[in-house]
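work.pdb, holding PDB, C-alpha atoms:
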```pdb
ATOM      1  CA  MET O   6      25.295   5.104  -3.153
ATOM      2  CA  ILE O   7      25.314   1.289  -3.359
ATOM      3  CA  LYS O   8      24.081   1.095   0.228
ATOM      4  CA  SER O   9      21.191   3.445  -0.596
ATOM      5  CA  VAL O  10      20.272   1.490  -3.728
ATOM      6  CA  LEU O  11      20.179  -1.781  -1.776
ATOM      7  CA  SER O  12      18.083  -0.123   0.929
ATOM      8  CA  TRP O  13      15.565   1.161  -1.638
ATOM      9  CA  PHE O  14      15.501  -2.254  -3.331
ATOM     10  CA  PHE O  15      14.664  -4.126  -0.111
ATOM     11  CA  LYS O  16      12.021  -1.539   0.797
ATOM     12  CA  GLY O  17      10.531  -2.222  -2.630
ATOM     13  CA  VAL O  18      10.544  -5.929  -1.779
ATOM     14  CA  VAL O  19       8.515  -5.150   1.355
ATOM     15  CA  MET O  20       6.058  -3.035  -0.675
ATOM     16  CA  GLY O  21       5.698  -5.758  -3.292
ATOM     17  CA  ALA O  22       5.013  -8.388  -0.640
ATOM     18  CA  ALA O  23       2.276  -6.180   0.816
ATOM     19  CA  ASP O  24       0.720  -5.496  -2.591
ATOM     20  CA  ALA O  25       0.551  -9.266  -3.197
ATOM     21  CA  VAL O  26      -1.903  -9.577  -0.288
ATOM     22  CA  PRO O  27      -5.481  -8.385  -0.969
ATOM     23  CA  GLY O  28      -6.367  -5.765   1.633
ATOM     24  CA  VAL O  29      -2.777  -4.780   2.484
ATOM     25  CA  SER O  30      -1.445  -1.537   1.030
ATOM     26  CA  GLY O  31       2.020  -0.955  -0.370
ATOM     27  CA  GLY O  32       1.506   2.673   0.675
ATOM     28  CA  THR O  33       1.447   1.525   4.302
ATOM     29  CA  MET O  34       4.825  -0.145   3.840
ATOM     30  CA  ALA O  35       6.214   2.986   2.178
ATOM     31  CA  LEU O  36       5.097   5.031   5.184
ATOM     32  CA  ILE O  37       6.529   2.501   7.643
ATOM     33  CA  THR O  38       9.909   2.322   5.887
ATOM     34  CA  GLY O  39      10.267   6.113   5.683
ATOM     35  CA  ILE O  40      10.131   6.571   1.898
ATOM     36  CA  TYR O  41       6.533   7.718   1.488
ATOM     37  CA  GLU O  42       7.125  11.403   0.793
ATOM     38  CA  ARG O  43      10.107  10.728  -1.429
ATOM     39  CA  LEU O  44       8.001   8.299  -3.468
ATOM     40  CA  ILE O  45       5.175  10.826  -3.835
ATOM     41  CA  ASN O  46       7.603  13.596  -4.850
ATOM     42  CA  ALA O  47       9.281  11.350  -7.418
ATOM     43  CA  LEU O  48       5.969  10.312  -8.986
ATOM     44  CA  ALA O  49       4.701  13.902  -8.988
ATOM     45  CA  SER O  50       7.796  15.054 -10.881
ATOM     46  CA  PHE O  51       6.683  13.383 -14.126
ATOM     47  CA  ARG O  52       5.380  15.827 -16.733
ATOM     48  CA  PRO O  53       4.655  15.657 -20.493
ATOM     49  CA  GLY O  54       7.515  18.026 -21.347
ATOM     50  CA  MET O  55      10.017  15.376 -20.285
ATOM     51  CA  LEU O  56       9.435  13.500 -23.532
ATOM     52  CA  ILE O  57      10.706  16.490 -25.506
ATOM     53  CA  GLU O  58      13.707  16.825 -23.197
ATOM     54  CA  LEU O  59      14.544  13.138 -23.665
ATOM     55  CA  MET O  60      14.353  13.540 -27.458
ATOM     56  CA  ARG O  61      16.815  16.414 -27.127
ATOM     57  CA  GLY O  62      19.228  14.162 -25.262
ATOM     58  CA  GLN O  63      18.713  15.692 -21.811
ATOM     59  CA  VAL O  64      18.630  12.246 -20.223
ATOM     60  CA  ALA O  65      20.762  13.063 -17.190
ATOM     61  CA  SER O  66      18.668  16.070 -16.136
ATOM     62  CA  VAL O  67      15.419  14.130 -16.524
ATOM     63  CA  TRP O  68      16.903  11.223 -14.557
ATOM     64  CA  ARG O  69      17.784  13.535 -11.677
ATOM     65  CA  GLU O  70      14.408  15.288 -11.777
ATOM     66  CA  ILE O  71      12.413  12.058 -11.472
ATOM     67  CA  ASP O  72      14.809  10.654  -8.829
ATOM     68  CA  GLY O  73      15.537   7.836 -11.262
ATOM     69  CA  ALA O  74      17.917   5.777  -9.114
ATOM     70  CA  PHE O  75      15.397   5.716  -6.283
ATOM     71  CA  LEU O  76      12.388   4.825  -8.481
ATOM     72  CA  VAL O  77      14.217   2.141 -10.473
ATOM     73  CA  SER O  78      15.674   0.500  -7.342
ATOM     74  CA  LEU O  79      12.299   0.562  -5.624
ATOM     75  CA  GLY O  80      10.485  -0.670  -8.730
ATOM     76  CA  LEU O  81      12.892  -3.572  -9.197
ATOM     77  CA  GLY O  82      12.381  -4.579  -5.581
ATOM     78  CA  ILE O  83       8.586  -4.519  -6.043
ATOM     79  CA  LEU O  84       8.792  -6.601  -9.231
ATOM     80  CA  VAL O  85      11.219  -9.141  -7.757
ATOM     81  CA  SER O  86       9.005  -9.451  -4.697
ATOM     82  CA  LEU O  87       5.817  -9.897  -6.730
ATOM     83  CA  PHE O  88       7.342 -12.595  -8.931
ATOM     84  CA  SER O  89       9.200 -14.421  -6.141
ATOM     85  CA  ILE O  90       6.886 -14.010  -3.150
ATOM     86  CA  LEU O  91       3.507 -14.001  -4.897
ATOM     87  CA  ASN O  92       3.327 -17.800  -5.084
ATOM     88  CA  LEU O  93       4.221 -18.127  -1.392
ATOM     89  CA  VAL O  94       1.658 -15.500  -0.448
ATOM     90  CA  GLN O  95      -1.073 -17.178  -2.516
ATOM     91  CA  TRP O  96      -0.177 -20.570  -1.015
ATOM     92  CA  LEU O  97      -0.421 -19.186   2.526
ATOM     93  CA  LEU O  98      -3.739 -17.484   1.727
ATOM     94  CA  ILE O  99      -5.126 -20.872   0.718
ATOM     95  CA  THR O 100      -3.490 -23.205   3.252
ATOM     96  CA  ALA O 101      -2.876 -21.064   6.358
ATOM     97  CA  PRO O 102      -4.378 -17.573   5.959
ATOM     98  CA  PRO O 103      -4.293 -16.683   9.704
ATOM     99  CA  ILE O 104      -0.488 -16.927   9.675
ATOM    100  CA  LEU O 105      -0.125 -14.515   6.745
ATOM    101  CA  TRP O 106      -2.687 -12.038   8.086
ATOM    102  CA  ALA O 107      -1.140 -12.217  11.571
ATOM    103  CA  PHE O 108       2.316 -11.369  10.200
ATOM    104  CA  PHE O 109       1.057  -8.188   8.550
ATOM    105  CA  CYS O 110      -1.140  -7.410  11.544
ATOM    106  CA  GLY O 111       1.880  -7.525  13.889
ATOM    107  CA  LEU O 112       3.970  -5.509  11.473
ATOM    108  CA  ILE O 113       1.356  -2.779  11.065
ATOM    109  CA  VAL O 114       0.409  -2.613  14.762
ATOM    110  CA  ALA O 115       4.037  -2.219  15.862
ATOM    111  CA  SER O 116       4.722   0.431  13.240
ATOM    112  CA  LEU O 117       1.510   2.269  14.091
ATOM    113  CA  VAL O 118       2.498   2.446  17.772
ATOM    114  CA  MET O 119       5.835   4.031  16.826
ATOM    115  CA  LEU O 120       4.224   6.380  14.319
ATOM    116  CA  LEU O 121       1.655   7.553  16.857
ATOM    117  CA  ALA O 122       4.349   8.073  19.502
ATOM    118  CA  SER O 123       6.601  10.124  17.234
ATOM    119  CA  HIS O 124       3.909  12.286  15.592
ATOM    120  CA  ARG O 125       3.799  15.961  16.606
ATOM    121  CA  TRP O 126       0.218  16.017  17.816
ATOM    122  CA  GLN O 127      -2.030  19.059  17.895
ATOM    123  CA  ARG O 128      -5.682  19.169  18.883
ATOM    124  CA  VAL O 129      -6.878  19.229  15.271
ATOM    125  CA  ASP O 130      -4.888  16.064  14.551
ATOM    126  CA  ILE O 131      -7.103  14.035  16.885
ATOM    127  CA  GLY O 132     -10.178  14.892  14.819
ATOM    128  CA  LEU O 133      -8.328  14.155  11.578
ATOM    129  CA  PHE O 134      -7.060  10.858  12.985
ATOM    130  CA  LEU O 135     -10.575   9.787  13.994
ATOM    131  CA  ALA O 136     -11.934  10.857  10.593
ATOM    132  CA  GLY O 137      -9.287   8.803   8.800
ATOM    133  CA  THR O 138     -10.041   5.811  11.017
ATOM    134  CA  ALA O 139     -13.774   6.077  10.335
ATOM    135  CA  ILE O 140     -13.318   6.410   6.558
ATOM    136  CA  ALA O 141     -10.945   3.426   6.331
ATOM    137  CA  ALA O 142     -13.213   1.290   8.519
ATOM    138  CA  GLY O 143     -16.217   2.328   6.422
ATOM    139  CA  ILE O 144     -14.422   1.275   3.240
ATOM    140  CA  SER O 145     -13.539  -2.079   4.843
ATOM    141  CA  PHE O 146     -17.210  -2.753   5.670
ATOM    142  CA  ALA O 147     -18.592  -1.338   2.418
ATOM    143  CA  GLY O 148     -20.738  -3.601   0.295
ATOM    144  CA  GLU O 149     -19.663  -4.557  -3.201
ATOM    145  CA  MET O 150     -21.012  -2.539  -6.124
ATOM    146  CA  SER O 151     -21.542  -3.969  -9.587
ATOM    147  CA  LEU O 152     -20.354  -1.540 -12.239
ATOM    148  CA  ALA O 153     -20.797  -2.508 -15.868
ATOM    149  CA  VAL O 154     -17.476  -3.303 -17.521
ATOM    150  CA  THR O 155     -17.001  -0.516 -20.074
ATOM    151  CA  PRO O 156     -13.934   1.476 -21.165
ATOM    152  CA  LEU O 157     -15.096   4.380 -18.981
ATOM    153  CA  THR O 158     -15.539   2.265 -15.832
ATOM    154  CA  LEU O 159     -12.230   0.481 -16.450
ATOM    155  CA  VAL O 160     -10.388   3.808 -16.705
ATOM    156  CA  PHE O 161     -12.240   5.085 -13.620
ATOM    157  CA  GLY O 162     -11.486   1.896 -11.688
ATOM    158  CA  GLY O 163      -7.809   1.943 -12.625
ATOM    159  CA  ALA O 164      -7.459   5.604 -11.607
ATOM    160  CA  LEU O 165      -9.244   5.032  -8.298
ATOM    161  CA  ALA O 166      -7.304   1.846  -7.507
ATOM    162  CA  ILE O 167      -3.870   3.370  -8.135
ATOM    163  CA  SER O 168      -4.847   6.458  -6.134
ATOM    164  CA  ALA O 169      -5.913   4.200  -3.253
ATOM    165  CA  MET O 170      -2.583   2.354  -3.419
ATOM    166  CA  LEU O 171      -0.783   5.645  -2.817
ATOM    167  CA  LEU O 172      -2.695   6.070   0.454
ATOM    168  CA  PRO O 173      -1.482   4.107   3.483
ATOM    169  CA  GLY O 174      -4.037   1.586   4.660
ATOM    170  CA  ILE O 175      -6.068   1.208   1.440
ATOM    171  CA  SER O 176      -5.549  -1.623  -1.027
ATOM    172  CA  GLY O 177      -6.076  -0.908  -4.699
ATOM    173  CA  SER O 178      -7.245  -4.477  -5.323
ATOM    174  CA  PHE O 179      -9.824  -4.066  -2.549
ATOM    175  CA  ILE O 180     -11.177  -0.921  -4.247
ATOM    176  CA  LEU O 181     -11.576  -2.888  -7.487
ATOM    177  CA  LEU O 182     -13.438  -5.565  -5.528
ATOM    178  CA  LEU O 183     -15.795  -2.930  -4.090
ATOM    179  CA  LEU O 184     -16.475  -1.578  -7.582
ATOM    180  CA  GLY O 185     -17.174  -5.083  -8.882
ATOM    181  CA  LEU O 186     -14.408  -4.799 -11.494
ATOM    182  CA  TYR O 187     -11.831  -7.120  -9.929
ATOM    183  CA  PRO O 188     -13.086 -10.394 -11.540
ATOM    184  CA  ALA O 189     -13.190  -8.841 -15.018
ATOM    185  CA  ILE O 190      -9.679  -7.407 -14.666
ATOM    186  CA  THR O 191      -8.134 -10.614 -13.304
ATOM    187  CA  GLU O 192      -9.813 -12.572 -16.115
ATOM    188  CA  ALA O 193      -8.432 -10.085 -18.654
ATOM    189  CA  VAL O 194      -4.912 -10.619 -17.267
ATOM    190  CA  HIS O 195      -5.370 -14.393 -17.366
ATOM    191  CA  GLU O 196      -6.755 -14.302 -20.923
ATOM    192  CA  ARG O 197      -4.236 -11.651 -22.046
ATOM    193  CA  ASP O 198      -7.040  -9.306 -23.093
ATOM    194  CA  LEU O 199      -4.775  -6.401 -24.000
ATOM    195  CA  LEU O 200      -7.636  -4.007 -24.748
ATOM    196  CA  THR O 201      -9.148  -4.331 -21.278
ATOM    197  CA  ILE O 202      -5.704  -4.201 -19.665
ATOM    198  CA  GLY O 203      -4.925  -1.097 -21.728
ATOM    199  CA  TRP O 204      -7.996   0.783 -20.459
ATOM    200  CA  VAL O 205      -7.086  -0.062 -16.857
ATOM    201  CA  ALA O 206      -3.461   0.950 -17.458
ATOM    202  CA  LEU O 207      -4.626   4.286 -18.882
ATOM    203  CA  GLY O 208      -6.674   4.881 -15.743
ATOM    204  CA  CYS O 209      -3.696   3.955 -13.565
ATOM    205  CA  LEU O 210      -1.492   6.412 -15.439
ATOM    206  CA  ILE O 211      -4.029   9.222 -15.061
ATOM    207  CA  GLY O 212      -4.562   8.484 -11.376
ATOM    208  CA  LEU O 213      -0.844   8.237 -10.708
ATOM    209  CA  LEU O 214       0.012  11.563 -12.340
ATOM    210  CA  VAL O 215      -2.932  13.491 -10.894
ATOM    211  CA  PHE O 216      -3.180  12.057  -7.381
ATOM    212  CA  SER O 217       0.572  12.040  -6.703
ATOM    213  CA  ARG O 218       0.665  15.780  -7.457
ATOM    214  CA  PHE O 219      -2.298  16.368  -5.173
ATOM    215  CA  LEU O 220      -0.598  14.454  -2.345
ATOM    216  CA  GLN O 221       2.646  16.368  -2.910
ATOM    217  CA  TRP O 222       0.727  19.650  -2.720
ATOM    218  CA  VAL O 223      -1.117  18.878   0.518
ATOM    219  CA  LEU O 224       1.974  17.393   2.183
ATOM    220  CA  ALA O 225       3.984  20.505   1.357
ATOM    221  CA  ARG O 226       1.385  22.744   3.006
ATOM    222  CA  TRP O 227      -0.060  20.704   5.869
ATOM    223  CA  HIS O 228       2.470  17.946   6.486
ATOM    224  CA  ASP O 229       1.652  17.068  10.091
ATOM    225  CA  ARG O 230      -2.102  17.405   9.590
ATOM    226  CA  VAL O 231      -2.039  15.095   6.560
ATOM    227  CA  MET O 232       0.118  12.561   8.398
ATOM    228  CA  GLY O 233      -2.307  12.560  11.326
ATOM    229  CA  PHE O 234      -5.152  11.823   8.896
ATOM    230  CA  MET O 235      -3.148   9.039   7.223
ATOM    231  CA  LEU O 236      -2.342   7.445  10.568
ATOM    232  CA  GLY O 237      -6.098   7.201  11.053
ATOM    233  CA  PHE O 238      -6.343   5.402   7.728
ATOM    234  CA  VAL O 239      -3.771   2.868   8.903
ATOM    235  CA  MET O 240      -5.681   2.371  12.170
ATOM    236  CA  GLY O 241      -9.002   1.830  10.388
ATOM    237  CA  ALA O 242      -7.461  -0.523   7.840
ATOM    238  CA  LEU O 243      -6.302  -2.886  10.620
ATOM    239  CA  ILE O 244      -9.767  -4.417  10.296
ATOM    240  CA  LYS O 245      -8.691  -5.874   6.951
ATOM    241  CA  VAL O 246      -5.695  -7.723   8.420
ATOM    242  CA  TRP O 247      -7.454  -9.429  11.332
ATOM    243  CA  PRO O 248      -6.023 -12.986  11.170
ATOM    244  CA  TRP O 249      -9.275 -14.979  11.475
ATOM    245  CA  GLN O 250     -11.440 -13.955   8.539
ATOM    246  CA  HIS O 251     -14.064 -16.053   6.774
ATOM    247  CA  ASP O 252     -16.677 -14.985   4.206
ATOM    248  CA  GLN O 253     -15.960 -11.297   4.945
ATOM    249  CA  GLN O 254     -16.469 -11.895   8.671
ATOM    250  CA  TRP O 255     -13.956 -11.070  11.393
ATOM    251  CA  LEU O 256     -14.095 -13.919  13.902
ATOM    252  CA  MET O 257     -12.531 -15.224  17.106
ATOM    253  CA  PRO O 258     -10.243 -18.256  16.561
ATOM    254  CA  GLU O 259     -12.717 -20.854  17.884
ATOM    255  CA  THR O 260     -15.542 -19.444  15.735
ATOM    256  CA  TYR O 261     -13.218 -19.394  12.725
ATOM    257  CA  VAL O 262     -12.493 -23.107  13.199
ATOM    258  CA  ARG O 263     -16.200 -23.949  13.424
ATOM    259  CA  LEU O 264     -17.298 -21.912  10.387
ATOM    260  CA  SER O 265     -14.335 -22.409   8.056
ATOM    261  CA  GLY O 266     -13.493 -26.002   8.895
ATOM    262  CA  GLN O 267      -9.801 -25.042   9.049
ATOM    263  CA  PRO O 268      -7.432 -25.029  12.032
ATOM    264  CA  SER O 269      -7.010 -21.718  13.854
ATOM    265  CA  TRP O 270      -3.203 -21.801  13.644
ATOM    266  CA  LEU O 271      -3.383 -19.828  16.898
ATOM    267  CA  TYR O 272       0.178 -20.243  18.159
ATOM    268  CA  SER O 273       1.701 -20.044  14.684
ATOM    269  CA  ALA O 274      -0.301 -16.859  14.041
ATOM    270  CA  LEU O 275       0.885 -15.337  17.317
ATOM    271  CA  LEU O 276       4.483 -16.175  16.393
ATOM    272  CA  ALA O 277       3.985 -14.632  12.945
ATOM    273  CA  ALA O 278       2.574 -11.456  14.515
ATOM    274  CA  VAL O 279       5.516 -11.178  16.904
ATOM    275  CA  THR O 280       7.923 -11.754  13.992
ATOM    276  CA  GLY O 281       6.305  -8.940  12.017
ATOM    277  CA  ALA O 282       6.483  -6.617  15.027
ATOM    278  CA  ILE O 283      10.158  -7.431  15.635
ATOM    279  CA  LEU O 284      11.071  -6.880  11.985
ATOM    280  CA  VAL O 285       9.499  -3.422  11.830
ATOM    281  CA  THR O 286      11.051  -2.496  15.199
ATOM    282  CA  LEU O 287      14.518  -3.502  13.982
ATOM    283  CA  LEU O 288      13.931  -1.508  10.794
ATOM    284  CA  SER O 289      12.950   1.517  12.877
ATOM    285  CA  LEU O 290      16.061   1.245  15.062
ATOM    286  CA  LYS O 291      18.293   0.891  12.002
ATOM    287  CA  THR O 292      16.834   3.834  10.099
ATOM    288  CA  GLY O 293      16.117   6.030  13.079
ATOM    289  CA  GLY O 294      12.624   6.153  14.504
ATOM    290  CA  SER O 295      11.942   9.769  13.496
ATOM    291  CA  ARG O 296      12.179   8.830   9.832
ATOM    292  CA  LEU O 297       8.997   6.844  10.229
ATOM    293  CA  VAL O 298       7.223  10.186  10.305
ATOM    294  CA  LYS O 299       9.557  12.491   8.414
ATOM    295  CA  SER O 300      10.292  10.521   5.285
ATOM    296  CA  GLU O 301      13.471  10.445   3.228
ATOM    297  CA  THR O 302      14.064  13.438   1.018
TER     298      THR O 302
END
```

Would you give me this structure, written as structure tokens?
Amino acid sequence: MIKSVLSWFFKGVVMGAADAVPGVSGGTMALITGIYERLINALASFRPGMLIELMRGQVASVWREIDGAFLVSLGLGILVSLFSILNLVQWLLITAPPILWAFFCGLIVASLVMLLASHRWQRVDIGLFLAGTAIAAGISFAGEMSLAVTPLTLVFGGALAISAMLLPGISGSFILLLLGLYPAITEAVHERDLLTIGWVALGCLIGLLVFSRFLQWVLARWHDRVMGFMLGFVMGALIKVWPWQHDQQWLMPETYVRLSGQPSWLYSALLAAVTGAILVTLLSLKTGGSRLVKSET
């Protein structure tokens, strides 16, 4: 049990590190580390009647139903990662962004190769894969909207962002950027505007409860088809982790140097990409490659 708890904790650390980077999805890391379906099932198990059961003292049964040990271990890993790694991530994004992006690019590319190789492909999966790729790429290139900041849009944005985070390849923070709500929400966090934060949290709660159940339902009925579609999402989202980005442009290293005025960090970025690829390969060998597609249950 202790070994499992530590494993879930460190997988939470990986998810938290990914969520700290705008454009990188914690859902991708959950898929890579083989816990995606277990996470969705655990989140989908929450229901209003549990409050009554807890008041009646049925703590143990509720704990088992929500897969409490798994969720708490994973959640602690995410929180520890966000608080400990966030500063490093933000520093790298400012001082040497190609190195950070290259690390996640190598990690995702290596995992995607293994996921594609181990998937049980059927003809329909190819169409679903291409559709997922096109949708994710379209989201990456989408122009920013400018929604008015109201309680309704904050709830809508929170629900949409948390739903996006449950999908591999889509960043919830990026969705908020597209909606034009990200600056208002980050300012509310900085200013401790509890009312604004509360509306967003309500949206997150609604999105989490509704969308996790939807994902559980479709995975139970069309597992391989859904996974093929999600692999397309991961492929399309690779656009967002291209190492040499500047002003929402994806550039070659020499062009990046000319336009950004920063060094390309070419060799360091290549080393970071290889490091990410090696780490995910070692994780796959340790957990068994097939678990990258058929998640823990």

Pick from O:Leu256, O:Ala47, O:Ala278, O:Val114 nearest to Val77 (chain O), counting only C-alpha atoms: O:Ala47

Please give the centre and size of the box around region 148-164 of chain O (axis-aligned, containing every atom listed in the file, 5 Å added per side), with values in Å to one decimal and written as JSON.
```
{"center_x": -14.5, "center_y": 0.5, "center_z": -10.4, "size_x": 24.1, "size_y": 20.2, "size_z": 31.5}
```

Output check: residues returned by the PyMOL selection byres ((chain O and resi 175-191) around 10), as a ChimeraX atom specification: /O:23-33,141,144-155,158-159,161-174,192-198,201-202,205,238-239,241-242,245

Check what the PyMOL selection byres ((chain O and resi 273) around 10) selects in the file above and give those residues as an MDAnalysis selection string. chainID O and resid 101 103:105 107:108 269:272 274:279

Write the residues of the preceding selection, restricted to C-alpha atoms, as a CSV table (one decimal), keeping the file's coordinate frame.
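The result, stored in part-v7.csv:
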```csv
chain,number,residue,atom,x,y,z
O,101,ALA,CA,-2.9,-21.1,6.4
O,103,PRO,CA,-4.3,-16.7,9.7
O,104,ILE,CA,-0.5,-16.9,9.7
O,105,LEU,CA,-0.1,-14.5,6.7
O,107,ALA,CA,-1.1,-12.2,11.6
O,108,PHE,CA,2.3,-11.4,10.2
O,269,SER,CA,-7.0,-21.7,13.9
O,270,TRP,CA,-3.2,-21.8,13.6
O,271,LEU,CA,-3.4,-19.8,16.9
O,272,TYR,CA,0.2,-20.2,18.2
O,274,ALA,CA,-0.3,-16.9,14.0
O,275,LEU,CA,0.9,-15.3,17.3
O,276,LEU,CA,4.5,-16.2,16.4
O,277,ALA,CA,4.0,-14.6,12.9
O,278,ALA,CA,2.6,-11.5,14.5
O,279,VAL,CA,5.5,-11.2,16.9
```

Hey, which of O:Leu97, O:Val85, O:Leu199, O:Leu284 ends up closest to Gly21 (chain O)? Count all atoms listed in the file. O:Val85

Measuring atom to atom with only C-alpha atoms, identify which of O:Ala22, O:Leu213, O:Met34, O:Met232 is nearest to Leu93 (chain O).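 Using only C-alpha atoms, Leu93 (chain O) sits closest to O:Ala22.
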
Mind listing as a JSON list (two decimals) with C-alpha atoms, in the frame of the given file all residues within 7 Å of (12.4, 14.2, -19.4), counting only C-alpha atoms?
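Once everything was written out, this is selection36.json:
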```json
[["chain", "number", "residue", "atom", "x", "y", "z"],
["O", 54, "GLY", "CA", 7.52, 18.03, -21.35],
["O", 55, "MET", "CA", 10.02, 15.38, -20.28],
["O", 56, "LEU", "CA", 9.44, 13.50, -23.53],
["O", 57, "ILE", "CA", 10.71, 16.49, -25.51],
["O", 58, "GLU", "CA", 13.71, 16.82, -23.20],
["O", 59, "LEU", "CA", 14.54, 13.14, -23.66],
["O", 63, "GLN", "CA", 18.71, 15.69, -21.81],
["O", 64, "VAL", "CA", 18.63, 12.25, -20.22],
["O", 67, "VAL", "CA", 15.42, 14.13, -16.52]]
```

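If you look at CA of Lys16 (chain O) and CA of Met119 (chain O), they are 18.1 Å away from each other.
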
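Of the listed residues O:Thr260, O:Gln254, O:Gln267, O:Gln221, the one whose atoms come nearest to Leu48 (chain O) is O:Gln221, with distances taken using all atoms listed in the file.
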
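Proximity ranking of O:Met240, O:Leu98, O:Leu210, O:Val160 relative to Leu135 (chain O) places O:Met240 first, based on all atoms listed in the file.
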
Translate the PyMOL selection byres ((chain O and resi 130) around 9), as applied to the file shown, into an explicit residue set as a list in words.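 This file, filtered by the PyMOL selection byres ((chain O and resi 130) around 9), leaves Arg125, Trp126, Gln127, Arg128, Val129, Ile131, Gly132, Leu133, Phe134, Leu135, Asp229, Arg230, Val231, Met232, Gly233 and Phe234 of chain O.
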
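For the residues O:Phe14, O:Trp68, O:Gly73, O:His124, ranking by smallest atom-to-atom distance to His228 (chain O) using all atoms listed in the file places O:His124 first.
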
One decimal, in Å: what's the spacing between CA of Gly203 (chain O) and CA of Leu44 (chain O)?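 Interatomic distance, CA of Gly203 (chain O) to CA of Leu44 (chain O): 24.3 Å.
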
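Separating CA of Val285 (chain O) from CA of Gln250 (chain O) is a distance of 23.7 Å.
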
List the neighbours of Ile7 (chain O) out to 12 Å using only C-alpha atoms; skip same-chain residues closer than 3 positions along the sequence, and give me the result as an NGL selection string. :O and (10-14 or 74-75 or 78)

Quick one: residues within 9 Å of Ser116 (chain O), only C-alpha atoms counted, chain neighbours fewer than 4 positions away excluded, as a PyMOL selection string? chain O and resi 37+111-112+120-121+282+285-286+289+297
